[in-house]
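Structure data follow from coords_39.cif (mmCIF, C-alpha atoms):
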data_entry
loop_
_atom_site.label_atom_id
_atom_site.label_comp_id
_atom_site.auth_asym_id
_atom_site.auth_seq_id
_atom_site.Cartn_x
_atom_site.Cartn_y
_atom_site.Cartn_z
CA MET A 1 23.08 24.74 -19.47
CA ALA A 2 19.57 26.08 -19.93
CA ARG A 3 16.78 24.03 -18.42
CA PRO A 4 14.34 22.60 -20.99
CA ARG A 5 11.07 24.47 -21.11
CA THR A 6 8.07 22.50 -19.95
CA LEU A 7 4.40 23.22 -19.65
CA SER A 8 3.35 25.01 -16.50
CA LEU A 9 1.35 23.17 -13.88
CA ARG A 10 -1.69 25.11 -15.04
CA GLY A 11 -1.10 24.01 -18.63
CA ARG A 12 -0.51 20.37 -17.69
CA ILE A 13 -3.68 20.18 -15.59
CA THR A 14 -5.68 21.81 -18.39
CA LEU A 15 -4.18 19.50 -21.01
CA VAL A 16 -4.79 16.33 -19.01
CA SER A 17 -8.33 17.24 -17.97
CA THR A 18 -9.22 18.32 -21.52
CA ALA A 19 -7.83 15.08 -22.96
CA ILE A 20 -9.81 13.00 -20.46
CA VAL A 21 -13.02 14.91 -21.22
CA ALA A 22 -12.42 14.69 -24.98
CA VAL A 23 -11.84 10.92 -24.88
CA THR A 24 -14.90 10.49 -22.67
CA LEU A 25 -17.11 12.60 -24.92
CA VAL A 26 -15.93 10.87 -28.11
CA GLY A 27 -16.48 7.45 -26.56
CA GLY A 28 -19.89 8.51 -25.27
CA ALA A 29 -20.86 9.91 -28.69
CA VAL A 30 -19.91 6.69 -30.46
CA VAL A 31 -21.78 4.57 -27.94
CA PHE A 32 -24.82 6.87 -28.17
CA ALA A 33 -24.87 6.63 -31.97
CA LEU A 34 -24.61 2.83 -31.85
CA VAL A 35 -27.35 2.59 -29.23
CA LEU A 36 -29.58 4.93 -31.23
CA ARG A 37 -29.11 2.87 -34.38
CA GLY A 38 -29.86 -0.30 -32.44
CA VAL A 39 -33.09 1.20 -31.03
CA LEU A 40 -34.22 2.37 -34.47
CA LEU A 41 -33.48 -1.03 -35.99
CA GLU A 42 -35.42 -2.69 -33.19
CA GLU A 43 -38.42 -0.46 -33.91
CA LEU A 44 -38.10 -1.31 -37.61
CA HIS A 45 -38.00 -5.00 -36.78
CA THR A 46 -41.19 -4.61 -34.74
CA ALA A 47 -42.86 -2.88 -37.68
CA LEU A 48 -41.85 -5.76 -39.97
CA ASP A 49 -43.47 -8.24 -37.58
CA ARG A 50 -46.70 -6.27 -37.81
CA ASP A 51 -46.44 -6.20 -41.60
CA LEU A 52 -46.07 -9.98 -41.74
CA GLU A 53 -49.06 -10.44 -39.41
CA GLN A 54 -51.15 -8.12 -41.55
CA ILE A 55 -50.22 -9.98 -44.76
CA GLU A 56 -50.99 -13.33 -43.14
CA THR A 57 -54.38 -12.05 -41.99
CA GLU A 58 -55.22 -10.79 -45.46
CA LEU A 59 -54.16 -14.09 -47.01
CA ASP A 60 -56.31 -16.04 -44.56
CA THR A 61 -59.37 -13.93 -45.25
CA GLY A 62 -58.81 -14.02 -49.00
CA SER A 63 -59.30 -10.29 -49.26
CA GLY A 64 -56.07 -9.80 -51.17
CA VAL A 65 -52.86 -8.17 -50.08
CA GLY A 66 -53.79 -4.53 -50.19
CA GLY A 67 -53.43 -3.47 -46.62
CA LEU A 68 -49.86 -2.34 -47.08
CA ASP A 69 -49.36 0.96 -48.83
CA ALA A 70 -48.20 -0.18 -52.21
CA ASP A 71 -47.26 3.35 -53.21
CA ASP A 72 -44.95 3.83 -50.22
CA ASP A 73 -41.38 3.34 -51.42
CA ASP A 74 -40.24 2.82 -47.84
CA VAL A 75 -42.35 -0.35 -47.51
CA LEU A 76 -42.23 -3.45 -49.73
CA PHE A 77 -43.35 -7.04 -49.69
CA GLN A 78 -43.35 -10.08 -51.90
CA ILE A 79 -45.05 -13.48 -51.83
CA THR A 80 -43.50 -16.50 -53.54
CA ASP A 81 -44.56 -20.09 -53.75
CA ASP A 82 -42.54 -23.12 -52.84
CA SER A 83 -40.80 -23.16 -56.22
CA GLY A 84 -39.81 -19.50 -55.95
CA VAL A 85 -42.37 -18.14 -58.39
CA LEU A 86 -43.48 -14.58 -57.55
CA LEU A 87 -47.17 -14.56 -56.62
CA ALA A 88 -47.50 -10.95 -55.49
CA GLY A 89 -45.30 -8.02 -54.65
CA SER A 90 -45.09 -4.32 -54.06
CA GLU A 91 -45.46 -1.99 -56.99
CA SER A 92 -42.07 -0.48 -56.12
CA LEU A 93 -40.46 -3.84 -56.95
CA GLU A 94 -41.88 -3.71 -60.49
CA GLY A 95 -41.90 -7.46 -60.66
CA ARG A 96 -38.34 -7.88 -59.48
CA LEU A 97 -37.65 -10.79 -57.20
CA LEU A 98 -35.85 -10.25 -53.89
CA SER A 99 -33.17 -12.77 -53.01
CA VAL A 100 -33.76 -13.53 -49.33
CA ASP A 101 -32.37 -16.38 -47.24
CA GLY A 102 -34.88 -18.74 -45.76
CA ASP A 103 -34.00 -18.15 -42.09
CA ASP A 104 -36.18 -16.15 -39.73
CA ASP A 105 -33.62 -13.44 -38.95
CA ALA A 106 -33.89 -9.92 -40.27
CA GLN A 107 -31.55 -9.20 -43.14
CA VAL A 108 -30.30 -6.10 -44.87
CA ILE A 109 -30.56 -6.27 -48.65
CA ARG A 110 -30.52 -3.86 -51.54
CA VAL A 111 -33.23 -3.91 -54.17
CA PRO A 112 -31.78 -4.47 -57.65
CA ASP A 113 -31.17 -1.24 -59.59
CA GLU A 114 -31.73 0.89 -56.46
CA ASP A 115 -29.37 2.58 -53.98
CA THR A 116 -31.51 2.09 -50.87
CA ASP A 117 -30.94 -0.62 -48.32
CA TYR A 118 -33.91 -2.41 -46.77
CA LEU A 119 -34.33 -4.41 -43.61
CA VAL A 120 -36.34 -7.48 -44.65
CA LEU A 121 -37.91 -10.32 -42.76
CA ALA A 122 -39.02 -13.58 -44.40
CA GLU A 123 -41.61 -15.99 -43.01
CA LYS A 124 -42.90 -19.28 -44.45
CA GLN A 125 -46.65 -19.48 -44.04
CA HIS A 126 -49.34 -22.03 -44.82
CA ASP A 127 -49.85 -23.30 -48.34
CA ASP A 128 -46.07 -23.34 -48.66
CA VAL A 129 -45.82 -19.68 -49.53
CA THR A 130 -43.02 -17.42 -48.33
CA VAL A 131 -43.90 -13.91 -47.37
CA VAL A 132 -41.14 -11.25 -47.31
CA ALA A 133 -41.72 -7.82 -45.77
CA GLY A 134 -39.19 -5.01 -45.86
CA ARG A 135 -38.76 -1.42 -44.76
CA SER A 136 -36.23 1.14 -45.93
CA LEU A 137 -33.19 1.95 -43.76
CA GLU A 138 -32.98 5.44 -45.22
CA ASN A 139 -34.72 7.10 -42.26
CA VAL A 140 -32.54 5.17 -39.81
CA ASP A 141 -29.36 6.21 -41.60
CA GLU A 142 -30.51 9.81 -41.82
CA SER A 143 -31.38 9.94 -38.12
CA VAL A 144 -28.05 8.44 -37.10
CA ALA A 145 -26.21 10.76 -39.49
CA THR A 146 -28.02 13.81 -38.12
CA VAL A 147 -27.17 12.83 -34.56
CA GLY A 148 -23.58 12.19 -35.64
CA VAL A 149 -23.31 15.68 -37.12
CA LEU A 150 -24.72 17.21 -33.94
CA LEU A 151 -22.33 15.21 -31.77
CA ALA A 152 -19.40 16.05 -34.04
CA GLY A 153 -20.12 19.71 -33.42
CA ALA A 154 -20.99 19.37 -29.74
CA VAL A 155 -17.94 17.34 -28.69
CA PRO A 156 -15.31 19.92 -29.76
CA LEU A 157 -17.48 22.71 -28.38
CA LEU A 158 -17.84 21.02 -24.99
CA THR A 159 -14.16 20.11 -24.98
CA GLY A 160 -13.22 23.72 -25.65
CA ILE A 161 -15.54 24.94 -22.90
CA VAL A 162 -14.03 22.45 -20.44
CA ALA A 163 -10.50 23.50 -21.43
CA LEU A 164 -11.35 27.18 -20.98
CA LEU A 165 -13.07 26.65 -17.63
CA THR A 166 -10.24 24.44 -16.39
CA TRP A 167 -7.67 27.04 -17.43
CA ILE A 168 -9.58 29.77 -15.59
CA VAL A 169 -10.34 27.73 -12.46
CA VAL A 170 -6.82 26.32 -12.14
CA GLY A 171 -5.37 29.76 -12.77
CA ARG A 172 -7.45 31.25 -9.98
CA ALA A 173 -6.63 28.34 -7.68
CA LEU A 174 -2.89 28.71 -8.32
CA ALA A 175 -2.90 32.51 -8.17
CA PRO A 176 -2.25 32.53 -4.38
CA VAL A 177 0.60 30.07 -4.89
CA GLU A 178 2.19 32.33 -7.50
CA ARG A 179 1.71 35.31 -5.18
CA MET A 180 3.37 33.41 -2.33
CA ARG A 181 6.20 32.41 -4.66
CA ARG A 182 6.86 36.06 -5.49
CA GLU A 183 6.73 37.02 -1.81
CA VAL A 184 9.15 34.24 -0.83
CA ASP A 185 11.42 35.13 -3.74
CA ALA A 186 11.63 38.66 -2.35
CA VAL A 187 12.83 37.38 1.04
CA THR A 188 16.61 37.63 1.42
CA ALA A 189 19.09 37.31 4.24
CA THR A 190 18.63 41.00 5.01
CA ASN A 191 14.83 40.94 5.37
CA LEU A 192 14.01 37.60 6.94
CA GLU A 193 11.45 39.38 9.11
CA ARG A 194 9.09 39.56 6.11
CA ARG A 195 6.19 37.12 6.09
CA ILE A 196 3.75 35.79 3.51
CA ASN A 197 0.23 37.16 3.50
CA ASP A 198 -1.87 34.41 5.09
CA PRO A 199 -5.27 34.16 3.32
CA GLY A 200 -6.74 32.67 6.50
CA ARG A 201 -8.24 29.71 4.66
CA ALA A 202 -8.42 26.17 6.01
CA ASP A 203 -7.51 24.54 2.69
CA GLU A 204 -4.15 23.52 1.22
CA ILE A 205 -3.30 27.11 0.23
CA GLY A 206 -3.82 28.36 3.78
CA ARG A 207 -1.78 25.49 5.23
CA LEU A 208 0.99 26.19 2.71
CA ALA A 209 1.10 29.86 3.71
CA ARG A 210 1.26 29.00 7.40
CA THR A 211 3.94 26.36 6.80
CA MET A 212 6.08 28.80 4.81
CA ASN A 213 5.67 31.47 7.48
CA SER A 214 6.69 28.93 10.11
CA MET A 215 9.75 28.08 8.02
CA LEU A 216 10.62 31.78 7.74
CA ASP A 217 10.20 32.10 11.51
CA ARG A 218 12.70 29.29 12.04
CA LEU A 219 15.14 30.79 9.55
CA ASP A 220 14.81 34.21 11.16
CA THR A 221 15.34 32.75 14.62
CA SER A 222 18.33 30.75 13.40
CA GLN A 223 19.88 33.80 11.75
CA ARG A 224 19.32 35.94 14.83
CA ALA A 225 20.91 33.24 16.99
CA GLN A 226 23.83 33.01 14.58
CA ARG A 227 24.34 36.76 14.58
CA GLN A 228 24.08 36.86 18.35
CA PHE A 229 26.57 34.01 18.62
CA VAL A 230 29.03 35.77 16.28
CA SER A 231 28.60 39.00 18.23
CA ASP A 232 29.05 37.28 21.59
CA ALA A 233 32.00 35.25 20.33
CA SER A 234 33.66 38.38 18.98
CA HIS A 235 33.14 40.10 22.31
CA GLU A 236 34.51 37.15 24.27
CA LEU A 237 37.55 36.77 22.02
CA ARG A 238 38.26 40.48 22.13
CA SER A 239 38.90 40.44 25.89
CA PRO A 240 41.84 37.97 25.97
CA LEU A 241 43.25 39.46 22.78
CA ALA A 242 43.09 42.93 24.33
CA SER A 243 44.81 41.61 27.46
CA LEU A 244 47.59 40.05 25.39
CA ARG A 245 48.04 43.29 23.46
CA GLN A 246 48.05 45.31 26.66
CA TYR A 247 50.73 43.12 28.27
CA ALA A 248 52.82 43.26 25.10
CA GLU A 249 52.55 47.06 24.84
CA VAL A 250 53.43 47.54 28.49
CA ALA A 251 56.38 45.16 28.17
CA GLN A 252 57.56 47.00 25.08
CA ALA A 253 57.13 50.49 26.50
CA HIS A 254 58.40 49.70 30.01
CA PRO A 255 60.63 46.63 29.87
CA ASP A 256 61.86 47.40 33.37
CA ARG A 257 58.35 47.05 34.88
CA VAL A 258 57.40 43.69 33.32
CA ASN A 259 59.77 40.80 33.66
CA LEU A 260 59.79 37.81 31.34
CA ASP A 261 58.18 35.44 33.84
CA ASP A 262 55.16 37.73 34.39
CA LEU A 263 54.74 38.25 30.66
CA SER A 264 55.00 34.53 29.95
CA GLU A 265 52.45 33.69 32.64
CA ALA A 266 50.01 36.30 31.32
CA VAL A 267 50.40 35.07 27.75
CA LEU A 268 49.89 31.45 28.80
CA ASP A 269 46.78 32.30 30.88
CA GLU A 270 45.13 34.30 28.13
CA GLY A 271 46.18 31.74 25.52
CA ASP A 272 44.61 28.98 27.60
CA ARG A 273 41.43 31.03 27.88
CA LEU A 274 41.38 31.56 24.10
CA GLU A 275 41.90 27.83 23.57
CA ARG A 276 38.94 26.98 25.83
CA LEU A 277 36.74 29.51 24.05
CA VAL A 278 37.59 28.14 20.62
CA ALA A 279 37.20 24.54 21.79
CA GLY A 280 33.77 25.35 23.26
CA MET A 281 32.60 27.06 20.08
CA LEU A 282 33.83 24.14 17.95
CA LEU A 283 32.00 21.70 20.20
CA LEU A 284 28.80 23.72 19.95
CA ALA A 285 29.12 23.77 16.16
CA ARG A 286 29.64 20.01 16.18
CA VAL A 287 26.52 19.47 18.30
CA SER A 288 24.45 21.77 16.07
CA GLU A 289 25.53 19.94 12.92
CA ARG A 290 24.96 16.47 14.39
CA ARG A 291 21.44 16.38 15.74
CA ASP A 292 20.75 12.69 15.05
CA THR A 293 22.74 10.85 17.70
CA ALA A 294 20.16 8.13 18.37
CA THR A 295 22.12 5.72 16.20
CA GLY A 296 25.25 6.03 18.38
CA THR A 297 26.63 3.36 20.64
CA ALA A 298 25.27 2.25 24.01
CA VAL A 299 26.77 4.47 26.72
CA ASP A 300 26.88 3.59 30.43
CA LEU A 301 26.13 6.89 32.16
CA ASP A 302 27.04 5.46 35.57
CA ASP A 303 30.64 4.90 34.41
CA LEU A 304 30.85 8.54 33.28
CA MET A 305 29.37 9.80 36.54
CA LEU A 306 31.70 7.72 38.77
CA ALA A 307 34.74 8.76 36.73
CA GLU A 308 33.89 12.44 37.24
CA ALA A 309 33.32 11.84 40.96
CA ARG A 310 36.82 10.33 41.27
CA ARG A 311 38.32 13.26 39.37
CA LEU A 312 36.70 15.79 41.71
CA ARG A 313 37.86 13.91 44.82
CA ASP A 314 41.42 13.89 43.51
CA THR A 315 41.54 17.57 42.50
CA MET A 316 39.24 19.50 44.85
CA ALA A 317 38.66 19.71 48.58
CA LEU A 318 34.93 19.05 48.37
CA SER A 319 32.61 16.41 49.77
CA ILE A 320 31.51 14.35 46.76
CA ASP A 321 28.51 12.07 47.33
CA SER A 322 28.07 9.49 44.55
CA THR A 323 26.18 6.85 46.52
CA GLY A 324 23.02 7.60 44.53
CA VAL A 325 24.59 6.64 41.18
CA GLY A 326 22.86 3.56 39.82
CA PRO A 327 23.09 1.75 36.47
CA ALA A 328 21.61 3.51 33.42
CA ARG A 329 22.39 3.14 29.73
CA VAL A 330 21.48 5.35 26.76
CA HIS A 331 22.20 5.45 23.03
CA GLY A 332 24.38 8.29 21.83
CA ASP A 333 27.81 9.83 21.42
CA GLN A 334 29.99 8.93 24.38
CA ASN A 335 32.21 11.99 24.00
CA LEU A 336 29.28 14.41 23.96
CA LEU A 337 27.61 12.70 26.91
CA GLY A 338 30.91 12.72 28.78
CA GLN A 339 31.17 16.45 28.12
CA VAL A 340 27.64 16.92 29.48
CA VAL A 341 28.52 15.16 32.74
CA ARG A 342 31.84 16.99 33.08
CA ASN A 343 30.32 20.43 32.48
CA LEU A 344 27.57 19.82 35.03
CA VAL A 345 30.01 18.50 37.61
CA ASP A 346 32.46 21.36 37.04
CA ASN A 347 29.63 23.90 37.30
CA ALA A 348 28.47 22.37 40.58
CA ALA A 349 32.02 22.27 41.97
CA GLN A 350 32.59 25.90 40.95
CA HIS A 351 29.51 27.13 42.84
CA ALA A 352 29.43 24.67 45.74
CA SER A 353 30.26 25.77 49.26
CA GLY A 354 31.57 22.37 50.28
CA ARG A 355 29.35 19.59 48.98
CA VAL A 356 28.38 18.11 45.60
CA SER A 357 25.92 15.23 45.16
CA LEU A 358 25.63 12.98 42.08
CA SER A 359 22.78 10.53 41.40
CA LEU A 360 21.59 8.44 38.46
CA GLY A 361 18.70 6.05 37.86
CA ALA A 362 16.17 4.78 35.35
CA ILE A 363 12.56 5.98 35.74
CA ASP A 364 9.70 5.24 33.30
CA GLY A 365 12.02 4.38 30.42
CA GLN A 366 14.23 7.43 30.98
CA ALA A 367 17.64 7.86 32.54
CA LEU A 368 17.49 10.59 35.22
CA LEU A 369 20.89 12.20 35.84
CA VAL A 370 21.08 14.65 38.76
CA VAL A 371 23.91 16.94 39.87
CA GLU A 372 23.39 19.10 43.02
CA ASP A 373 25.47 21.55 45.04
CA ASP A 374 25.08 23.49 48.28
CA GLY A 375 25.93 26.87 46.78
CA HIS A 376 23.75 29.92 46.29
CA GLY A 377 21.59 28.29 43.59
CA VAL A 378 20.09 29.90 40.50
CA PRO A 379 17.26 32.44 40.80
CA PRO A 380 13.99 31.15 39.24
CA GLY A 381 13.94 33.95 36.68
CA GLU A 382 17.42 33.02 35.41
CA ARG A 383 17.05 29.23 35.17
CA ASP A 384 16.39 29.28 31.44
CA ARG A 385 18.81 32.06 30.58
CA VAL A 386 21.84 30.30 32.10
CA PHE A 387 21.68 27.77 29.24
CA GLU A 388 22.22 30.49 26.65
CA ARG A 389 25.66 31.01 25.15
CA PHE A 390 28.14 33.30 26.95
CA VAL A 391 25.74 33.93 29.85
CA ARG A 392 27.35 34.31 33.29
CA LEU A 393 25.32 35.12 36.37
CA ASP A 394 28.46 35.87 38.38
CA GLU A 395 30.58 37.72 35.82
CA SER A 396 33.63 38.43 37.96
CA ARG A 397 33.91 34.94 39.44
CA ALA A 398 33.36 33.30 36.05
CA ARG A 399 36.15 35.29 34.45
CA ALA A 400 38.44 34.79 37.40
CA SER A 401 37.96 31.04 37.27
CA GLY A 402 38.45 30.95 33.53
CA GLY A 403 34.80 30.24 32.64
CA THR A 404 33.73 30.81 29.04
CA GLY A 405 29.96 30.94 29.46
CA LEU A 406 29.57 28.00 27.04
CA GLY A 407 29.49 25.06 29.44
CA LEU A 408 25.75 24.98 30.13
CA ALA A 409 24.95 25.90 26.52
CA ILE A 410 26.90 22.79 25.46
CA VAL A 411 24.96 20.76 28.03
CA ARG A 412 21.54 21.85 26.74
CA GLU A 413 22.30 21.43 23.05
CA SER A 414 24.00 18.05 23.59
CA VAL A 415 21.08 16.77 25.66
CA GLN A 416 18.54 17.99 23.10
CA ALA A 417 20.57 16.33 20.35
CA HIS A 418 20.07 13.04 22.21
CA GLY A 419 16.31 13.59 22.52
CA GLY A 420 16.45 14.58 26.18
CA THR A 421 15.72 17.56 28.40
CA VAL A 422 17.59 19.47 31.11
CA ARG A 423 16.22 21.77 33.81
CA ILE A 424 17.22 23.50 37.04
CA VAL A 425 15.22 23.17 40.26
CA GLU A 426 15.83 23.93 43.92
CA SER A 427 18.17 21.48 45.64
CA THR A 428 17.63 20.00 49.07
CA LEU A 429 21.28 20.89 49.71
CA GLY A 430 20.41 24.56 49.34
CA GLY A 431 21.96 25.23 45.94
CA ALA A 432 21.04 24.27 42.37
CA ARG A 433 19.80 20.88 41.20
CA PHE A 434 20.40 20.05 37.52
CA GLU A 435 18.14 17.26 36.18
CA VAL A 436 18.90 15.62 32.82
CA ARG A 437 16.43 13.14 31.32
CA LEU A 438 17.49 10.94 28.40
CA PRO A 439 15.75 8.00 26.66
CA ALA A 440 17.11 4.88 28.34
CA VAL A 441 18.12 1.66 26.59
CA ASP A 442 15.81 -1.28 27.32
CA GLU A 443 18.01 -3.82 29.06
CA ALA A 444 15.56 -6.64 28.26
#
Write-out of the structure in structure tokens:
Amino acid sequence: MARPRTLSLRGRITLVSTAIVAVTLVGGAVVFALVLRGVLLEELHTALDRDLEQIETELDTGSGVGGLDADDDDVLFQITDDSGVLLAGSESLEGRLLSVDGDDDAQVIRVPDEDTDYLVLAEKQHDDVTVVAGRSLENVDESVATVGVLLAGAVPLLTGIVALLTWIVVGRALAPVERMRREVDAVTATNLERRINDPGRADEIGRLARTMNSMLDRLDTSQRAQRQFVSDASHELRSPLASLRQYAEVAQAHPDRVNLDDLSEAVLDEGDRLERLVAGMLLLARVSERRDTATGTAVDLDDLMLAEARRLRDTMALSIDSTGVGPARVHGDQNLLGQVVRNLVDNAAQHASGRVSLSLGAIDGQALLVVEDDGHGVPPGERDRVFERFVRLDESRARASGGTGLGLAIVRESVQAHGGTVRIVESTLGGARFEVRLPAVDEA
């Protein structure tokens, strides 16, 4: 099913910003026109007040009402007595009587038989005469109309300019993103070493480029580790399979040289080695897939340590010192943590000359698990490498004892999955000292 087509991010930003600007400009234009009309009407009202004062002065002096330009069609006045009889008026009125309310507010009226509106102001003066002065609104309407026409042309023009500028600016701002998209799209499983061109900027685009390069680094590292693991696993599985094939071929070609008991023992030994290899790889895959073990159950590490100490005493002729094992509890997967303890103890027993020491305690909110032996130790330059998969420092002894090279790799990945760390230091016993630190459970 085809995805519905939508506007691009560039188009949406341009559309939204243009709409906001257009609404703002239209609203501003309307408000400006209303304010302008109000100002012009206020000025007209002020002029009417002056006209009324001038008429009153002329009436008081008895000089006659001639101060106003009687020939100016934009200005008019009329004087009526208390009974409404017209006493005087502008020539433009031609004797017509204006119908004006008696209040003191300015009013808009239309002179009979004319199409022009006037703003008039009536005032009752002495001798019970009412003076009405008016001025035409034609100039006000024309000014507002002219401004309206200008705004009607300016608003679309400004809106178009804003839309164009927004389209250009957003396009240039998103151009690096589109370039990075094309570069990432070109990255495949076969060329994970490719990286995005970092513009070196400190803004969001630069941070995005660095983040994507960091992601590609992690993917590349993960793929390399996966390929290395597949290669190492293939190599490790090839050896027991080759041994099985060799025994079978010899038994088939020379049945008199290989008896059934020897063949059965060889098949069982190599089969057991294959089983341990597969079990170790499955466990590593399980640890890799389940990184969040903080929500597991509470596990008493001291119980696991003491159980392993009893197992070693019952199966090996070694001196096992577990007097330093104290109480410590962590959150996690009990099976994985049990495998961690067993692998460390088995590794120590395999390399010990005669003594293995186990200790456990809680320090600064962390459980410190220590396994030591009195063997030859681990050289400082190899203390990180021994935690890699299929690494054996003593190849012949590891194969002879059935080691798979996965034990310490399982330890490191399981400990990291629980938010802890593991390291190797020099032991006071003369061999290696493995220290595991895990977040402890607050007993309070």
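Here atom CA of A:Ala248 and atom CA of A:Leu260 stand 10.8 Å from one another.
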Note to self: Counting only C-alpha atoms, I want the residues whose atoms come within 9 Å of (27.7, 5.2, 27.4) in the file frame, returned as a PyMOL selection string.
What the structure shows: chain A and resi 297-304+328-335+337-338
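Applied to this file, the PyMOL selection byres ((chain A and resi 266) around 12) selects A:Pro240, A:Leu241, A:Ala242, A:Ser243, A:Leu244, A:Arg245, A:Gln246, A:Tyr247, A:Ala248, A:Ala251, A:Val258, A:Asn259, A:Leu260, A:Asp261, A:Asp262, A:Leu263, A:Ser264, A:Glu265, A:Val267, A:Leu268, A:Asp269, A:Glu270, A:Gly271, A:Asp272, A:Arg273.
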Note to self: Need the shell around A:Gly148: protein/DNA/RNA residues with any atom at most 9 Å away, counting all atoms listed in the file. Skip same-chain ones fewer than 3 positions apart. Format as a list in words?
What the structure shows: Ala29, Val30, Ala33, Ser143, Val144, Ala145, Leu151, Ala152 and Gly153 of chain A
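We find atom CA of A:Phe32 and atom CA of A:Val162 to be spaced 20.5 Å apart.
We find atom CA of A:Arg276 and atom CA of A:Gly420 to be spaced 25.7 Å apart.
Using only C-alpha atoms, the contacts of A:Ser359 at a cut-off of 8 Å, with sequence neighbours closer than 2 positions omitted, comprise Ser322, Thr323, Gly324, Val325, Gly326, Ser357, Gly361, Leu369, Val370 and Val371 of chain A.
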